[in-house]
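> The following block contains the structure, expressed as structure tokens.
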Amino acid sequence: GAVVSQHPSRVICKSGTSVKIECRSLDFQATTMFWYRQFPKQSLMLMATSNEGSKATYEQGVEKDKFLINHASLTLSTLTVTSAHPEDSSFYICSARLAGFADTQYFGPGTRLTVL
Amino acid sequence: GQNIDQPTEMTATEGAIVQINCTYQTSGFNGLFWYQQHAGEAPTFLSYNVLDGLEEKGRFSSFLSRSKGYSYLLLKELQMKDSASYLCAVRSNAGNMLTFGGGTRLMVKP
């Protein structure tokens, strides 16, 4: 149980284009999902908290107009990187919170974004 | 804010025991998690501590002391596949968010 999928796993795009990443909780409902970014040999940095049916909460320094988050259902959240630039190249990982004793976050497999 | 410290790298021998420490400073502590992350992959959940003491799960154990702001992950009978980064993450009361430490890269040698 507690499986989270992410699609695509890898994407290469041209500078200036937009990329959408999907995060799905496959066997549980998640009212809260989280989006992280991880640069090589660094730890995970929280970008935003995605709440089903409401606006996402962004961390300081993360541009909400550049990283659009939509959490339209209890099993799906999407992150759209708009007008991508080479500095946006990174490993993007989502997690979904499984409500319960520990409220553990389970992570998707990640999306490797390369912007040329 | 939150501050989480863990060693950057550790090396251990196959079959041995290794302890990875994590110290933290936070307001509104609401649990500490350990995750394992292999290179290029997403983190996988290992353990959760919210009360003081030791939680054992097979070869892995995790300990928490809230008064000292300290936790450790203990790995027994090390296997080569245990070579990975181990991430300590603290949850605060506000927003159920996790703040991650920098991760400890463990290399298991034959």
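Chains: A, B, ... in order of the structure tokens. Residues: from 1 per chain. Ligands: from 1, in order shown.
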What lies within 8 Å of B:Leu75 using only C-alpha atoms, ignoring chain neighbours under 5 positions off, as a list of chain:residue names?
B:Ile17, B:Val18, B:Gln19, B:Arg59, B:Phe60, B:Ser61
> Which residues, written as a VMD selection string, have at least one atom at most 12 Å from stretch 36-45 of chain B, with only C-alpha atoms counted and residues fewer than 4 positions away on the same chain left out?
(chain A and resid 2 to 6 9 to 10 36 to 44 90 to 95 97 to 98 102 to 112) or (chain B and resid 20 32 57 60 73 75 81 to 89 100 102 to 107)
> For each of B:Lys76, B:Lys109, B:Arg91, B:Arg66, take the minimum atom-to-atom distance to chain A, counting only C-alpha atoms, then give the residue where this is smallest.
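Closest candidate: B:Arg91.
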> Atom CA of A:Ala84 to atom CA of A:Glu63: how many Å, to one decimal?
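Computing the Euclidean distance for atom CA of A:Ala84 and atom CA of A:Glu63 yields 12.3 Å.
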> As an exercise, work out the distance from atom CA of B:Glu55 to atom CA of B:Val90 in Å and give it to one decimal place.
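Straight-line distance from atom CA of B:Glu55 to atom CA of B:Val90 works out to 16.1 Å.
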> Counting only C-alpha atoms, figure out which residue out of B:Trp34, B:Tyr70, B:Phe29, B:Tyr48 gets nearest to chain A.
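Going through B:Trp34, B:Tyr70, B:Phe29, B:Tyr48 one by one, the smallest distance to chain A is for B:Tyr48.
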> Got a sec: who's within 12 Å of A:Thr32, counting only C-alpha atoms, leaving out chain neighbours fewer than 5 positions off, as a ChimeraX atom specification?
/A:23-25,48-57,70-77,94-99,103-106 /B:95-97
> Which residues are close to A:Asp88, i.e. within 8 Å by only C-alpha atoms, leaving aside same-chain residues fewer than 6 positions away? Reply as a list in words.
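Near neighbours after the sequence-gap exclusion: Leu113, Thr114 and Val115 of chain A.
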> Which residues come within 7 Å of B:Asn21, counting only C-alpha atoms, excluding same-chain residues fewer than 3 positions away, as a count of residues only?
4
